[in-house]
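A.B. asks: My questions all concern the structure below.
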Amino acid sequence: MAGGGDDIRSLKKRKRDAVGKPKTLAKGGDDGKKRKRPSDANGAQHGGGGGEVKVKKQLVTAKEKRLAAKEMAESRKKKRKRNYSLEKELTVLWEKMRCHSVNSAERSKLVSEALRKMDGKYLEIACSHVTARVLQTCVKWCSQSERDAIFDALQPELLTLSLKKYAVFLVKKLIKLATKKQFEWFISSLHGRVAKLLRHTVGASVVDFAYQLATPPQKRRLLLELYSTELQLFTDLTGQKTHSLLETISSLGLQKSSVLQYMTTVIYPILEKGIVEYPIVHMAVLEYFTIADKTSASEVIRQFIPLLTQGSSVIDGDKPSVAPELQKKLKAKKKRLTEPLLVRIMNTREGLKIGVSCLKHGSAKDRKKIIKSLKGHIMKLALSDYGCILLMLILSIVDDTKLVTKIVIQELAKHLKQLIVDKNGRRPLLQLLHPNCSRYLPPADLACLNYRVPSLISKDEASENAAEVSPENKVDVATDKEQDGSEGMQSVSDSKKDPFQRRHELLMKSELAEVLIQTCIENVGELLRTNFGKDVLHEVAVAGKDNVLEGITDRIHSLHNAIASDAARPKTEDTENAFDNYHSSRLIRRLVLESPAFAAILWKKALEGKCKTWADGHSSKVITAFLESPDSKVRDLAKSELQPLIDRGILKIPDHKAVEK
């Protein structure tokens, strides 16, 4: 049996050898090859092989793999970056110096140490996205002598650094903290390069930053470079005091056609690249409008509109309608921001005028796209100094009241109380109730609301606008009244719908008026005593201009009762009475003069038989208003009770009434 088993094992061995030999022969036999010995395999398992096998042994766990990858990355960075070790040292110092908890003495030591390490290498460090931040922090916290040394070292390369993605922030910091002499040198270094830098995505921000920090003469020097080549070549011609391009052309004897041609070559590339968010660009475009013909001005506006709505068209699901030649450049330049450019430029008066120009001179389709782009940003505009004027214009000229209601009115209705008491937020509401009233709009804001591109105004519109300017546009302070011709209104001929019909649809059909009156009733005590809230309360109580709230007279009477009830409260130490408060007493006086219905309710609820109590102080203005009212019934209500007080000298009639008597 034992022998049989040995025979079987030997037979299997021969079969294995027979199968293995052809494979070896097929590969060329054993010539030039060495079969691996078992000892070699065992040695590989125990780490006795070459370097490659040794690495595999180290990368057993995930932690070892991470450490090996980190070491490899460090070695590659050391080979690629010449100042890699310095960057690591500076980063450690930066983390310490930028902490809020570190005291000034310790921070000064850290800054001095960092500057000592960077000495002689400022240019290389300024271009790195890591160390540029360190140098920027050092410029912020270092001493003036150290800052001057940095400025002197980088002075020859400041314009080059202005084009770098990371160094631009350092340049802005140096400009902001520069001395007058250093800043003047930087403005001079921009001579002949302003137009070129404005066409650069990064460089434009530096030019605009310097423009905003510059004095009026320096701003003029920067702007003049965008007007004509003569003003660049002959610097002596730029000594004019005015910023107006038309006055510059007339005073220097320049050819209007050549200036227009040069500005076209400057402005169009900027528009094509979409670099239009800067005030210096807005100022240049507005000056261009003053000399441009109808075709040129229309083309600039046509290019502006799709740029102003960027960042919002994707949300609405439609693509911006831009010219075919701009499609490729816009796709490359687009910044996917959450809010459109139109919202972002509403921080300057020039940006507002650009928005007004696009709204007034754009087509109905363009206006629709602009309004859609503002969805979700209405409150931000309403509470800003210039954004509220843009909303006022939308409410004044856009014929599509359903779209305006959906985008603008519905969002305003959700925050009525906040808007009513805000200086800017109340203006869109007042525009619906009393359009273009000079009482609520300063002349500068009213001029922005009425701004138009000169070449796009027809002759008939120009003559109408000139005829509407009259010396009657003043508020009668003595009587605190407004006459019908005292608002300084400009008729808006940019739409086909009747202005009164538009206001009625936006107020009544949208149910904004109902919510507005209810908000006024619920907060009547607070609104009476606030400087801005009383204006909206007054316009609602008198049903707006031209009685636009005529359909809800019963609700207005409820508001009258609420005001009279608040005024009828007895005097207490905790709450100031409406008759004694500065703001509320003047509002109630205006209502007595303008609304006989309110005067009758107030007399019965708060004043009848109590006039002697209110015959002195702010409240005396309310009582005398009954005698000054243009309505005879109102005068008859109070005459019998007030005349004895006048005879006894307790109540004094205003001087202008005494003269008339």
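Note on naming: chains are A, B, ... as they come in the structure tokens, residues start from 1 per chain, ligands start from 1 in the order shown.
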What's the 12 Å shell around Arg302 of chain A, counting only C-alpha atoms, without same-chain residues fewer than 4 positions away, as JSON, numbers by chain?
C.D. replies: {"A": [268, 271, 272, 295, 296, 297, 298, 306, 307, 308, 320, 321, 322, 323, 326, 354, 357, 358, 359, 361, 362, 363, 365, 366, 367]}
A.B. asks: Those selected residues, please, written with C-alpha atoms and delivered as a JSON list (two decimals), in the first residue's frame.
C.D. replies:
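And here is the file that came out, part-v3.json:
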```json
[["chain", "number", "residue", "atom", "x", "y", "z"],
["A", 268, "TYR", "CA", -17.75, 99.90, -25.46],
["A", 271, "LEU", "CA", -19.40, 97.18, -21.50],
["A", 272, "GLU", "CA", -18.47, 94.13, -23.56],
["A", 295, "THR", "CA", -28.32, 105.90, -31.75],
["A", 296, "SER", "CA", -25.21, 105.81, -29.56],
["A", 297, "ALA", "CA", -27.13, 106.39, -26.32],
["A", 298, "SER", "CA", -29.68, 103.70, -27.19],
["A", 306, "PRO", "CA", -28.60, 92.48, -19.65],
["A", 307, "LEU", "CA", -25.60, 93.28, -17.46],
["A", 308, "LEU", "CA", -27.82, 94.84, -14.77],
["A", 320, "PRO", "CA", -30.76, 87.19, -20.68],
["A", 321, "SER", "CA", -31.58, 88.73, -24.04],
["A", 322, "VAL", "CA", -28.21, 90.12, -25.08],
["A", 323, "ALA", "CA", -26.74, 90.98, -28.43],
["A", 326, "LEU", "CA", -21.81, 89.79, -26.42],
["A", 354, "ILE", "CA", -27.91, 104.45, -14.79],
["A", 357, "SER", "CA", -31.99, 105.53, -17.73],
["A", 358, "CYS", "CA", -32.44, 101.81, -18.42],
["A", 359, "LEU", "CA", -35.94, 101.80, -16.97],
["A", 361, "HIS", "CA", -35.60, 104.28, -22.14],
["A", 362, "GLY", "CA", -35.82, 100.49, -22.22],
["A", 363, "SER", "CA", -38.63, 98.62, -23.95],
["A", 365, "LYS", "CA", -39.74, 93.66, -22.41],
["A", 366, "ASP", "CA", -36.61, 95.17, -20.88],
["A", 367, "ARG", "CA", -38.62, 96.62, -17.99]]
```
A.B. asks: Applying 10 Å and only C-alpha atoms, which residues near Leu528 of chain A remain after dropping the ones on its own chain fewer than 2 positions away? List them as number ranges by chain.
C.D. replies: A: 520, 523-526, 530-538, 563, 566-567, 578, 581-588
A.B. asks: Using only C-alpha atoms, which of the listed residues (A:Ala615, A:Phe289, A:Arg147, A:Pro630) sits closest to Gly649 of chain A?
C.D. replies: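 So, comparing all the options, the nearest one is A:Ala615.
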A.B. asks: Just the number, please: distance in Å from atom CA of Ala153 of chain A to atom CA of Ala195 of chain A, one decimal.
C.D. replies: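 These atoms are spaced 26.2 Å apart.
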A.B. asks: Could you please determine the separation between atom CA of Val194 of chain A and atom CA of Glu225 of chain A in Å, to one decimal place?
C.D. replies: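 For atom CA of Val194 of chain A relative to atom CA of Glu225 of chain A, the distance reads 6.7 Å.
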A.B. asks: Hey, what's within 10 Å of Glu87 of chain A if we count only C-alpha atoms and toss same-chain stuff fewer than 4 positions away? As a list in words, please?
C.D. replies: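 Residues near the query, excluding close chain neighbours: Lys81, Arg82, Asn83, Thr91, Val92, Leu93, Lys117, Met118, Ile125, Ser128, Val130, Thr131 and Val134 of chain A.
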A.B. asks: Which distance in Å separates atom CA of Arg503 of chain A and atom CA of Leu449 of chain A, to one decimal?
C.D. replies: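 Rounded to one decimal, the two atoms are 17.0 Å apart.
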A.B. asks: Pick the closest to Ser244 of chain A from A:Leu224, A:Val281, A:Leu645, A:Ala600: which is it, counting only C-alpha atoms?
C.D. replies: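 Answer, going by the shortest atom-to-atom distance: A:Leu224.
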A.B. asks: Residues within 7 Å of Ala625 of chain A, please, as a PyMOL selection string. Count only C-alpha atoms; anything in the same chain fewer than 5 positions from it doesn't count.
C.D. replies: chain A and resi 589+592-593
A.B. asks: If you keep N, CA and C atoms, can you produce a file of those selected residues as a PDB file, in the first residue's frame?
C.D. replies:
```pdb
ATOM      1  N   ARG A 589     -52.863 119.166  13.129  1.00  0.00           N
ATOM      2  CA  ARG A 589     -53.189 120.490  12.588  1.00  0.00           C
ATOM      3  C   ARG A 589     -53.393 120.420  11.073  1.00  0.00           C
ATOM      4  N   VAL A 592     -56.713 118.835  10.285  1.00  0.00           N
ATOM      5  CA  VAL A 592     -57.838 119.745  10.534  1.00  0.00           C
ATOM      6  C   VAL A 592     -58.008 120.706   9.368  1.00  0.00           C
ATOM      7  N   LEU A 593     -56.897 121.180   8.820  1.00  0.00           N
ATOM      8  CA  LEU A 593     -56.958 122.132   7.715  1.00  0.00           C
ATOM      9  C   LEU A 593     -57.418 121.479   6.412  1.00  0.00           C
TER      10      LEU A 593
END
```
